[in-house]
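Participant: Below is the file start_15.cif, which contains mmCIF, C-alpha atoms.
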```cif
data_start
#
loop_
_atom_site.label_atom_id
_atom_site.label_comp_id
_atom_site.auth_asym_id
_atom_site.auth_seq_id
_atom_site.Cartn_x
_atom_site.Cartn_y
_atom_site.Cartn_z
CA MET A 960 -51.42 20.32 6.42
CA LYS A 961 -48.69 21.90 8.58
CA TYR A 962 -47.56 18.40 9.63
CA LYS A 963 -47.25 17.29 5.99
CA LEU A 964 -45.29 20.42 5.06
CA LYS A 965 -42.97 19.89 8.00
CA ASN A 966 -42.33 16.29 6.95
CA CYS A 967 -41.78 17.36 3.34
CA TRP A 968 -39.26 20.00 4.43
CA LEU A 969 -37.44 17.41 6.56
CA CYS A 970 -37.21 14.93 3.66
CA CYS A 971 -35.83 17.63 1.37
CA TRP A 972 -33.27 18.68 3.97
CA LEU A 973 -32.08 15.08 4.40
CA LEU A 974 -31.86 14.62 0.64
CA LEU A 975 -29.82 17.79 0.20
CA SER A 976 -27.55 17.08 3.16
CA SER A 977 -26.72 13.59 1.85
CA ALA A 978 -25.44 15.15 -1.38
CA ALA A 979 -23.83 18.18 0.26
CA VAL A 980 -20.64 19.50 -1.23
CA ALA A 981 -17.60 19.22 1.06
CA GLN A 982 -16.58 22.71 2.13
CA GLU A 983 -13.69 22.56 4.58
CA ARG A 984 -10.13 23.39 3.57
CA CYS A 985 -8.65 20.25 5.07
CA ILE A 986 -7.46 16.79 4.08
CA SER A 987 -8.63 13.35 5.22
CA LEU A 988 -6.24 10.41 4.87
CA VAL A 989 -7.24 6.74 5.13
CA THR A 990 -4.26 4.44 4.78
CA SER A 991 -4.05 0.68 4.56
CA ALA A 992 -2.21 -1.66 6.92
CA GLY A 993 -0.02 -4.77 6.95
CA GLY A 994 3.25 -2.85 6.86
CA GLN A 995 3.41 -0.72 9.98
CA SER A 996 6.82 0.77 9.21
CA PHE A 997 5.73 1.71 5.68
CA TRP A 998 2.39 3.22 6.65
CA GLY A 999 3.87 4.95 9.68
CA GLN A 1000 6.31 6.76 7.39
CA VAL A 1001 3.54 7.67 4.93
CA ARG A 1002 1.45 9.21 7.72
CA GLN A 1003 4.38 11.01 9.37
CA ALA A 1004 5.49 12.58 6.09
CA ALA A 1005 1.93 13.56 5.17
CA GLN A 1006 1.33 15.13 8.57
CA ALA A 1007 4.63 17.03 8.49
CA THR A 1008 3.95 18.36 4.99
CA ALA A 1009 0.41 19.40 5.89
CA ALA A 1010 1.69 21.16 9.02
CA GLU A 1011 4.20 23.14 6.94
CA MET A 1012 1.34 24.23 4.69
CA GLN A 1013 -0.87 24.99 7.70
CA LEU A 1014 -3.46 22.50 6.52
CA PRO A 1015 -5.46 20.35 8.94
CA LEU A 1016 -4.95 16.65 8.14
CA HIS A 1017 -6.99 13.85 9.71
CA ALA A 1018 -5.46 10.36 9.37
CA ARG A 1019 -6.74 6.88 10.17
CA GLY A 1020 -5.98 3.34 9.01
CA PRO A 1021 -7.22 -0.25 9.54
CA ALA A 1022 -5.25 -2.89 11.42
CA ARG A 1023 -5.16 -5.38 8.54
CA ASP A 1024 -4.43 -4.95 4.83
CA GLY A 1025 -7.26 -6.00 2.52
CA ASP A 1026 -9.90 -5.24 5.19
CA THR A 1027 -12.26 -3.42 2.86
CA GLN A 1028 -15.18 -3.22 5.29
CA THR A 1029 -13.15 -1.54 8.02
CA GLN A 1030 -11.66 0.88 5.52
CA LEU A 1031 -15.14 1.83 4.28
CA GLU A 1032 -16.18 2.46 7.90
CA LEU A 1033 -13.15 4.68 8.42
CA ILE A 1034 -14.00 6.65 5.28
CA GLU A 1035 -17.49 7.26 6.67
CA ARG A 1036 -16.03 8.49 9.96
CA MET A 1037 -13.76 10.87 8.07
CA LEU A 1038 -16.73 12.51 6.39
CA LYS A 1039 -17.58 14.26 9.67
CA PHE A 1040 -14.62 16.59 9.03
CA ASN A 1041 -16.25 17.67 5.72
CA CYS A 1042 -12.84 17.92 4.02
CA ARG A 1043 -12.69 18.75 0.32
CA VAL A 1044 -9.91 16.20 -0.35
CA LEU A 1045 -9.84 12.54 0.69
CA ILE A 1046 -6.65 10.50 0.22
CA VAL A 1047 -7.15 6.72 0.33
CA ALA A 1048 -5.07 3.57 -0.15
CA PRO A 1049 -7.97 1.48 -1.51
CA SER A 1050 -8.28 -2.05 -0.11
CA GLY A 1051 -10.69 -3.27 -2.77
CA PRO A 1052 -13.05 -2.28 -5.62
CA GLU A 1053 -15.83 -1.48 -3.15
CA VAL A 1054 -13.77 1.49 -2.02
CA GLY A 1055 -13.73 2.74 -5.60
CA VAL A 1056 -17.53 2.60 -5.71
CA ARG A 1057 -17.74 4.73 -2.57
CA MET A 1058 -15.14 7.18 -3.88
CA ALA A 1059 -17.21 7.64 -7.05
CA GLN A 1060 -20.24 8.51 -4.90
CA LEU A 1061 -18.21 11.01 -2.89
CA LYS A 1062 -16.87 12.57 -6.08
CA ALA A 1063 -20.46 13.35 -7.05
CA GLN A 1064 -20.86 15.05 -3.66
CA GLY A 1065 -17.89 17.36 -4.19
CA VAL A 1066 -15.09 15.38 -2.52
CA THR A 1067 -11.93 15.16 -4.61
CA GLY A 1068 -10.24 11.79 -4.14
CA LEU A 1069 -6.62 10.74 -4.46
CA TYR A 1070 -5.33 7.17 -4.31
CA ILE A 1071 -1.97 6.32 -2.77
CA ASP A 1072 0.15 3.14 -2.91
CA ARG A 1073 -2.27 1.45 -5.32
CA ASP A 1074 -4.65 2.34 -8.11
CA LEU A 1075 -8.03 0.89 -9.03
CA ASP A 1076 -7.73 2.40 -12.53
CA ASP A 1077 -11.18 3.94 -12.27
CA GLY A 1078 -12.56 7.42 -12.76
CA ALA A 1079 -13.43 7.91 -9.12
CA VAL A 1080 -10.35 9.95 -8.20
CA LEU A 1081 -8.31 12.78 -9.66
CA ALA A 1082 -4.94 11.02 -9.42
CA SER A 1083 -2.93 8.23 -7.83
CA ILE A 1084 0.53 8.47 -6.26
CA ALA A 1085 2.18 5.09 -5.89
CA THR A 1086 5.22 2.92 -6.38
CA ASP A 1087 5.69 1.43 -9.84
CA ASN A 1088 4.54 -1.87 -8.38
CA TYR A 1089 4.65 -3.95 -11.55
CA GLY A 1090 8.13 -2.63 -12.35
CA ALA A 1091 9.31 -3.35 -8.82
CA GLY A 1092 8.04 -6.93 -9.01
CA ARG A 1093 9.63 -7.45 -12.40
CA GLN A 1094 12.95 -6.15 -11.10
CA ALA A 1095 12.69 -8.52 -8.12
CA GLY A 1096 12.28 -11.42 -10.58
CA ARG A 1097 15.40 -10.37 -12.48
CA GLU A 1098 17.38 -9.93 -9.27
CA MET A 1099 16.27 -13.38 -8.12
CA ALA A 1100 17.58 -14.88 -11.36
CA ARG A 1101 20.87 -13.04 -10.84
CA ALA A 1102 21.15 -14.37 -7.28
CA LEU A 1103 20.51 -17.94 -8.50
CA GLY A 1104 22.83 -17.77 -11.49
CA GLY A 1105 19.98 -17.71 -14.00
CA GLN A 1106 18.49 -21.10 -13.14
CA GLY A 1107 16.46 -22.82 -10.46
CA SER A 1108 12.95 -23.02 -9.02
CA VAL A 1109 11.29 -20.35 -6.93
CA ALA A 1110 8.17 -19.70 -4.87
CA LEU A 1111 5.86 -16.72 -5.27
CA LEU A 1112 4.08 -16.18 -1.95
CA ARG A 1113 1.19 -13.76 -2.44
CA LEU A 1114 -0.66 -11.48 -0.01
CA SER A 1115 -4.31 -11.09 -1.09
CA PRO A 1116 -6.21 -10.82 -4.37
CA GLN A 1117 -7.98 -7.77 -2.91
CA VAL A 1118 -4.81 -5.69 -2.71
CA ALA A 1119 -4.00 -4.08 -6.06
CA SER A 1120 -0.44 -3.02 -5.20
CA THR A 1121 0.83 -6.45 -4.21
CA SER A 1122 -1.09 -8.09 -7.05
CA SER A 1123 0.86 -5.89 -9.49
CA ARG A 1124 4.15 -6.81 -7.81
CA GLU A 1125 3.29 -10.49 -8.00
CA ARG A 1126 2.45 -10.23 -11.69
CA GLY A 1127 5.70 -8.38 -12.32
CA PHE A 1128 7.73 -10.99 -10.44
CA LEU A 1129 6.20 -13.81 -12.47
CA ASP A 1130 7.10 -12.08 -15.73
CA GLY A 1131 10.59 -11.09 -14.61
CA ALA A 1132 11.49 -14.48 -13.16
CA ARG A 1133 10.17 -16.48 -16.11
CA ASP A 1134 11.81 -14.21 -18.67
CA ALA A 1135 15.11 -14.70 -16.83
CA GLY A 1136 14.84 -18.49 -17.01
CA LEU A 1137 13.49 -19.40 -13.57
CA ARG A 1138 10.75 -21.94 -12.91
CA ILE A 1139 7.81 -21.03 -10.64
CA ALA A 1140 7.42 -24.15 -8.50
CA ILE A 1141 5.06 -22.72 -5.85
CA ASP A 1142 2.52 -19.95 -6.39
CA ARG A 1143 0.02 -19.38 -3.61
CA TYR A 1144 -1.41 -16.96 -1.07
CA LEU A 1145 0.22 -16.94 2.34
CA PRO A 1146 -1.95 -18.11 5.27
CA LEU A 1147 -0.52 -15.42 7.56
CA SER A 1148 -3.07 -15.91 10.32
CA ASP A 1149 -2.57 -19.71 10.52
CA SER A 1150 0.78 -20.64 12.11
CA GLN A 1151 0.39 -24.35 11.38
CA ALA A 1152 -0.34 -23.73 7.70
CA MET A 1153 2.62 -21.34 7.53
CA PHE A 1154 4.87 -24.03 9.03
CA ALA A 1155 3.62 -26.61 6.52
CA LEU A 1156 4.25 -24.21 3.66
CA GLY A 1157 7.72 -23.55 5.03
CA GLU A 1158 8.46 -27.26 4.79
CA GLU A 1159 7.52 -27.17 1.11
CA LEU A 1160 10.10 -24.44 0.54
CA ARG A 1161 12.87 -26.96 1.17
CA ALA A 1162 12.30 -28.02 -2.45
CA VAL A 1163 12.89 -24.56 -3.99
CA ASP A 1164 15.94 -22.37 -4.44
CA GLY A 1165 14.35 -18.99 -3.74
CA LEU A 1166 11.19 -17.16 -2.72
CA PHE A 1167 9.60 -13.74 -3.19
CA THR A 1168 7.29 -12.04 -0.69
CA PRO A 1169 5.56 -8.88 -2.00
CA SER A 1170 4.97 -6.84 1.18
CA GLU A 1171 6.33 -6.07 4.62
CA ALA A 1172 3.78 -8.34 6.31
CA THR A 1173 4.43 -11.32 4.02
CA THR A 1174 8.20 -10.86 4.31
CA LEU A 1175 8.08 -10.71 8.12
CA GLY A 1176 5.71 -13.69 8.31
CA MET A 1177 7.79 -15.87 6.02
CA LEU A 1178 11.06 -14.82 7.65
CA ALA A 1179 9.73 -15.91 11.05
CA THR A 1180 8.65 -19.27 9.61
CA LEU A 1181 12.01 -19.88 7.91
CA ARG A 1182 13.78 -19.10 11.17
CA ARG A 1183 11.67 -21.71 12.99
CA LEU A 1184 12.62 -24.26 10.34
CA GLY A 1185 16.29 -23.33 10.30
CA LEU A 1186 16.00 -22.27 6.64
CA ALA A 1187 16.57 -18.52 6.98
CA GLY A 1188 19.56 -17.64 4.84
CA LYS A 1189 19.55 -21.06 3.18
CA ARG A 1190 17.08 -20.03 0.47
CA ALA A 1191 17.38 -16.89 -1.66
CA HIS A 1192 14.66 -14.71 -0.19
CA ILE A 1193 13.77 -11.34 -1.72
CA GLY A 1194 11.26 -9.33 0.30
CA PHE A 1195 9.51 -5.99 0.08
CA ASP A 1196 9.74 -2.79 2.16
CA ALA A 1197 12.08 -2.00 5.03
CA SER A 1198 11.68 -2.18 8.80
CA SER A 1199 14.28 -2.58 11.55
CA ILE A 1200 13.71 -6.36 11.60
CA LEU A 1201 14.04 -6.70 7.83
CA VAL A 1202 17.13 -4.48 7.63
CA ASP A 1203 18.73 -6.58 10.37
CA ALA A 1204 17.83 -9.78 8.48
CA LEU A 1205 19.43 -8.36 5.34
CA GLU A 1206 22.62 -7.56 7.23
CA ARG A 1207 22.69 -11.10 8.68
CA GLY A 1208 22.27 -12.71 5.26
CA GLU A 1209 18.79 -14.09 5.96
CA LEU A 1210 17.51 -12.04 3.03
CA VAL A 1211 19.41 -11.62 -0.23
CA GLY A 1212 17.57 -8.41 -1.04
CA LEU A 1213 14.69 -6.04 -0.39
CA MET A 1214 12.64 -3.98 -2.81
CA VAL A 1215 12.34 -0.72 -0.88
CA GLN A 1216 9.67 1.86 -1.63
CA GLN A 1217 9.69 5.57 -0.89
CA PRO A 1218 6.87 5.86 1.67
CA ARG A 1219 7.81 9.33 2.84
CA GLN A 1220 7.78 10.61 -0.72
CA ILE A 1221 4.33 9.10 -1.26
CA GLY A 1222 3.08 10.97 1.82
CA VAL A 1223 4.69 14.25 0.72
CA GLU A 1224 3.53 14.04 -2.91
CA SER A 1225 -0.06 13.21 -1.96
CA VAL A 1226 -0.37 16.22 0.36
CA ILE A 1227 1.25 18.55 -2.19
CA ARG A 1228 -1.28 17.38 -4.78
CA ALA A 1229 -4.12 17.79 -2.28
CA HIS A 1230 -2.95 21.33 -1.51
CA ARG A 1231 -3.06 22.18 -5.22
CA VAL A 1232 -6.61 20.83 -5.40
CA LEU A 1233 -7.66 23.02 -2.47
CA ASP A 1234 -6.23 25.99 -4.36
CA GLY A 1235 -8.38 25.11 -7.38
CA ASP A 1236 -5.65 23.51 -9.49
CA LEU A 1237 -6.96 20.23 -10.93
CA GLU A 1238 -4.26 19.87 -13.56
CA GLY A 1239 -1.52 17.23 -13.46
CA PRO A 1240 -0.93 13.59 -14.36
CA ARG A 1241 -3.51 10.95 -13.50
CA GLN A 1242 -0.74 8.57 -12.39
CA VAL A 1243 2.46 9.45 -10.51
CA ARG A 1244 4.76 6.44 -10.27
CA LEU A 1245 7.78 6.35 -7.94
CA PRO A 1246 10.51 3.74 -8.47
CA ALA A 1247 11.40 1.18 -5.82
CA VAL A 1248 15.08 0.59 -5.02
CA TYR A 1249 16.61 -2.86 -4.87
CA VAL A 1250 18.82 -3.13 -1.79
CA ASN A 1251 21.34 -5.91 -1.20
CA LYS A 1252 24.78 -6.31 0.35
CA ASP A 1253 26.40 -4.53 -2.63
CA ASN A 1254 24.66 -1.17 -2.13
CA PHE A 1255 23.61 -1.46 1.52
CA ASP A 1256 26.09 1.18 2.68
CA ASP A 1257 25.31 3.76 -0.02
CA GLU A 1258 24.21 7.04 1.54
CA THR A 1259 20.99 7.31 -0.48
CA VAL A 1260 20.07 3.72 0.37
CA ARG A 1261 20.76 4.21 4.09
CA ARG A 1262 18.37 7.18 4.09
CA LEU A 1263 15.65 4.95 2.66
CA LEU A 1264 16.32 2.19 5.16
CA MET A 1265 16.66 4.43 8.21
CA PRO A 1266 14.78 7.70 7.57
#
```
I'd like the structure from this file rewritten - as structure tokens, please.

Facilitator:
Amino acid sequence: MKYKLKNCWLCCWLLLSSAAVAQERCISLVTSAGGQSFWGQVRQAAQATAAEMQLPLHARGPARDGDTQTQLELIERMLKFNCRVLIVAPSGPEVGVRMAQLKAQGVTGLYIDRDLDDGAVLASIATDNYGAGRQAGREMARALGGQGSVALLRLSPQVASTSSRERGFLDGARDAGLRIAIDRYLPLSDSQAMFALGEELRAVDGLFTPSEATTLGMLATLRRLGLAGKRAHIGFDASSILVDALERGELVGLMVQQPRQIGVESVIRAHRVLDGDLEGPRQVRLPAVYVNKDNFDDETVRRLLMP
């Protein structure tokens, strides 16, 4: 009888512990990947803001964007800190399912950079990705004089942020009179396929890449083919390599986000949650800035490019 009672007590303890409410006054942050400059700035700003508020912040991120399984594993590792707030840049809908489970266990979730439009989190802090893509389409039309054919080179259907940018670019470019001649996902891990795709770009007037990784990958391919600067290329995000390419005329423009502001805003919102304040907008959208040779030397733009 004692053995049965002991086993019963153990089962109850396991059941209760699996649904335990997070208690610690700290923040866990799981970023995405694929744009090391971007995510590095998000983490640095989040850590600096948390330090100012004297809040422990634990940050991790996968090596590859769209790697949902690795991100889920990182979320599980973060649970050991028992933080009451978890900030995540979700790599796929499976992450939303897990966030909904954690919400039921007392963990308040925040999305950054992208939104799954679910009820699993309190809020999302991100770039206006659709608006940024649409602006890129209009700027492409302006660069091409309102006519011509272009290529949309996508990242991954799993990544909500770039999918919104791609949809926005399609709408903006078509509305401005451009023809979408090539629309496909970039084979970033296959150099031969990238080279073959680069050859196809000889037939278009411009191309749009919706992330730091896609912009860097396509820029490298165009350089190998001697096409860098010979096609109107609008990319996304800013790193030292991309800023240099813009200065050299290999890119006609970059849609630049505000990664540091995303990091700051997410920690401020998390701090409010820890203080019991659950009020505020479900979506916070930050505008991206289009950077080209005309505004490259503006002080506000330089701060975005070289924080």

Participant: Work out how far apart atom CA of Gln1106 of chain A and atom CA of Gly1136 of chain A are and give it in Å to one decimal.

Facilitator: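 Result for atom CA of Gln1106 of chain A versus atom CA of Gly1136 of chain A: 5.9 Å, one decimal.
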
Participant: Can you spell out as a ChimeraX atom specification the set of residues that the PyMOL selection byres ((chain A and resi 1094-1102) around 10) selects in the structure I just provided?

Facilitator: /A:1088-1093,1103-1109,1111,1124-1138,1164-1169,1191-1195,1211-1214,1247-1249,1251

Participant: Please enumerate the residues selected by the PyMOL selection byres ((chain A and resi 1015-1018) around 12) when evaluated against the supplied file, formatted as a VMD selection string.

Facilitator: chain A and resid 983 to 991 998 to 999 1001 to 1014 1019 to 1021 1030 1033 to 1034 1036 to 1048 1222 1225 to 1226 1229 to 1230 1233

Participant: Evaluate the PyMOL selection byres ((chain A and resi 1182-1188) around 9) against this structure - the residues, as a list in words, please.

Facilitator: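 Those residues are Phe1154, Gly1157, Glu1158, Leu1160, Arg1161, Met1177, Leu1178, Ala1179, Thr1180, Leu1181, Lys1189, Arg1190, Ala1191, His1192, Ala1204, Arg1207, Gly1208, Glu1209, Leu1210 and Val1211 of chain A.
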
Participant: Got time to write the residues from that selection, C-alpha atoms, as a compact mmCIF listing (two decimals), in the coordinates of the input?

Facilitator:
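Generated file (again_26.txt):
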```txt
# COMPACT_ATOMS: atom_id res chain seq x y z
CA PHE A 1154 4.87 -24.03 9.03
CA GLY A 1157 7.72 -23.55 5.03
CA GLU A 1158 8.46 -27.26 4.79
CA LEU A 1160 10.10 -24.44 0.54
CA ARG A 1161 12.87 -26.96 1.17
CA MET A 1177 7.79 -15.87 6.02
CA LEU A 1178 11.06 -14.82 7.65
CA ALA A 1179 9.73 -15.91 11.05
CA THR A 1180 8.65 -19.27 9.61
CA LEU A 1181 12.01 -19.88 7.91
CA LYS A 1189 19.55 -21.06 3.18
CA ARG A 1190 17.08 -20.03 0.47
CA ALA A 1191 17.38 -16.89 -1.66
CA HIS A 1192 14.66 -14.71 -0.19
CA ALA A 1204 17.83 -9.78 8.48
CA ARG A 1207 22.69 -11.10 8.68
CA GLY A 1208 22.27 -12.71 5.26
CA GLU A 1209 18.79 -14.09 5.96
CA LEU A 1210 17.51 -12.04 3.03
CA VAL A 1211 19.41 -11.62 -0.23
```

Participant: Give me, as CSV, each residue of segment 996-1068 of chain A that comes within 9 Å of segment 1114-1123 of chain A, together with its shortest interatomic pair and the distance in Å at one decimal, counting only C-alpha atoms, with rows ordered by chain and rising residue number.

Facilitator:
```
residue,atom,partner,partner_atom,distance
A:Asp1024,CA,A:Val1118,CA,7.6
A:Gly1025,CA,A:Gln1117,CA,5.8
A:Asp1026,CA,A:Gln1117,CA,8.7
A:Thr1027,CA,A:Gln1117,CA,8.4
A:Pro1049,CA,A:Val1118,CA,7.9
A:Ser1050,CA,A:Val1118,CA,5.7
A:Gly1051,CA,A:Gln1117,CA,5.3
A:Pro1052,CA,A:Gln1117,CA,7.9
```

Participant: Here is a test: counting only C-alpha atoms, which residue of A:Lys1252, A:Arg1023, A:Arg1143, A:Arg1228 is nearest to Ile1084 of chain A?

Facilitator: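 Closest to Ile1084 of chain A of all the choices is A:Arg1228.
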
Participant: Could you please determine the separation between atom CA of Asp1234 of chain A and atom CA of Gly1078 of chain A in Å, to one decimal place?

Facilitator: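 So the two atoms, atom CA of Asp1234 of chain A and atom CA of Gly1078 of chain A, lie 21.3 Å apart.
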
Participant: Quick one: residues within 9 Å of Ser1198 of chain A, all atoms listed in the file counted, chain neighbours fewer than 3 positions away excluded, as a PyMOL selection string?

Facilitator: chain A and resi 994-997+1171+1201-1203+1264-1265

Participant: For the residues in that selection, give me C-alpha atoms as a CSV table (one decimal), keeping the file's coordinate frame.

Facilitator:
```
chain,number,residue,atom,x,y,z
A,994,GLY,CA,3.2,-2.8,6.9
A,995,GLN,CA,3.4,-0.7,10.0
A,996,SER,CA,6.8,0.8,9.2
A,997,PHE,CA,5.7,1.7,5.7
A,1171,GLU,CA,6.3,-6.1,4.6
A,1201,LEU,CA,14.0,-6.7,7.8
A,1202,VAL,CA,17.1,-4.5,7.6
A,1203,ASP,CA,18.7,-6.6,10.4
A,1264,LEU,CA,16.3,2.2,5.2
A,1265,MET,CA,16.7,4.4,8.2
```

Participant: Calculate how many Å separate atom CA of Tyr1070 of chain A from atom CA of Val1243 of chain A, rounding to one decimal.

Facilitator: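 Between atom CA of Tyr1070 of chain A and atom CA of Val1243 of chain A the gap is 10.2 Å.
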
Participant: With only C-alpha atoms as the atoms that count, which of A:Ser1083, A:Gln1064, A:Ser1150, A:Ser1170 lies nearest to Gln1216 of chain A?

Facilitator: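 Using only C-alpha atoms, the shortest distance to Gln1216 of chain A belongs to A:Ser1170.
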
Participant: Env of Arg1241 of chain A: 12 Å cut, atoms = all atoms listed in the file, seq-sep filter 5 positions within chain, self excluded. Answer as a ChimeraX atom specification.

Facilitator: /A:1068-1071,1074-1085,1228

Participant: Rank nothing, just name the residue among A:Val1163, A:Leu1031, A:Met1153, A:Ile1200 nearest to Val1056 of chain A, using only C-alpha atoms.

Facilitator: A:Leu1031

Participant: Nearest to Thr1173 of chain A: which of A:Ile1141, A:Leu1112, A:Ile1227, A:Leu1205 is it, counting all atoms listed in the file?

Facilitator: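 Checking each candidate against Thr1173 of chain A, we get A:Leu1112 as the closest.
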
Participant: Place all heavy atoms on segment 1215-1223 of chain A and deliver the coordinates as a tab-separated table (two decimals), in the frame of the given file.

Facilitator:
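Result went into selection30.tsv, see below:
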```tsv
chain	number	residue	atom	x	y	z
A	1215	VAL	N	12.70	-1.75	-1.86
A	1215	VAL	CA	12.34	-0.72	-0.88
A	1215	VAL	C	11.63	0.44	-1.59
A	1215	VAL	O	12.15	1.02	-2.55
A	1215	VAL	CB	13.61	-0.20	-0.16
A	1215	VAL	CG1	13.22	0.88	0.86
A	1215	VAL	CG2	14.31	-1.37	0.55
A	1216	GLN	N	10.46	0.76	-1.09
A	1216	GLN	CA	9.67	1.86	-1.63
A	1216	GLN	C	10.12	3.19	-1.02
A	1216	GLN	O	11.04	3.25	-0.20
A	1216	GLN	CB	8.20	1.64	-1.32
A	1216	GLN	CG	7.63	0.36	-1.90
A	1216	GLN	CD	6.15	0.23	-1.64
A	1216	GLN	OE1	5.33	0.77	-2.38
A	1216	GLN	NE2	5.79	-0.48	-0.59
A	1217	GLN	N	9.43	4.24	-1.42
A	1217	GLN	CA	9.69	5.57	-0.89
A	1217	GLN	C	8.44	6.08	-0.17
A	1217	GLN	O	7.75	6.98	-0.66
A	1217	GLN	CB	10.07	6.52	-2.03
A	1217	GLN	CG	11.27	6.09	-2.84
A	1217	GLN	CD	11.62	7.09	-3.91
A	1217	GLN	OE1	11.93	8.26	-3.65
A	1217	GLN	NE2	11.58	6.64	-5.17
A	1218	PRO	N	8.12	5.51	1.00
A	1218	PRO	CA	6.87	5.86	1.67
A	1218	PRO	C	6.76	7.33	2.05
A	1218	PRO	O	5.68	7.93	1.96
A	1218	PRO	CB	6.88	4.96	2.91
A	1218	PRO	CG	8.31	4.60	3.12
A	1218	PRO	CD	8.90	4.53	1.75
A	1219	ARG	N	7.87	7.92	2.46
A	1219	ARG	CA	7.81	9.33	2.84
A	1219	ARG	C	7.49	10.21	1.63
A	1219	ARG	O	6.73	11.17	1.73
A	1219	ARG	CB	9.12	9.77	3.50
A	1219	ARG	CG	9.44	9.01	4.78
A	1219	ARG	CD	10.61	9.63	5.53
A	1219	ARG	NE	10.25	10.93	6.07
A	1219	ARG	CZ	9.60	11.12	7.21
A	1219	ARG	NH1	9.22	10.09	7.95
A	1219	ARG	NH2	9.33	12.34	7.62
A	1220	GLN	N	8.05	9.84	0.49
A	1220	GLN	CA	7.78	10.61	-0.72
A	1220	GLN	C	6.33	10.48	-1.15
A	1220	GLN	O	5.72	11.44	-1.64
A	1220	GLN	CB	8.72	10.16	-1.85
A	1220	GLN	CG	8.79	11.13	-3.02
A	1220	GLN	CD	9.34	12.50	-2.63
A	1220	GLN	OE1	10.11	12.61	-1.67
A	1220	GLN	NE2	8.92	13.52	-3.34
A	1221	ILE	N	5.75	9.29	-0.95
A	1221	ILE	CA	4.33	9.10	-1.26
A	1221	ILE	C	3.48	10.02	-0.39
A	1221	ILE	O	2.54	10.67	-0.87
A	1221	ILE	CB	3.93	7.62	-1.07
A	1221	ILE	CG1	4.56	6.75	-2.16
A	1221	ILE	CG2	2.40	7.47	-1.09
A	1221	ILE	CD1	4.34	5.26	-1.97
A	1222	GLY	N	3.81	10.09	0.92
A	1222	GLY	CA	3.08	10.97	1.82
A	1222	GLY	C	3.21	12.43	1.43
A	1222	GLY	O	2.22	13.19	1.40
A	1223	VAL	N	4.43	12.86	1.10
A	1223	VAL	CA	4.69	14.25	0.72
A	1223	VAL	C	3.95	14.60	-0.57
A	1223	VAL	O	3.24	15.61	-0.65
A	1223	VAL	CB	6.21	14.50	0.56
A	1223	VAL	CG1	6.46	15.85	-0.09
A	1223	VAL	CG2	6.91	14.41	1.90
```
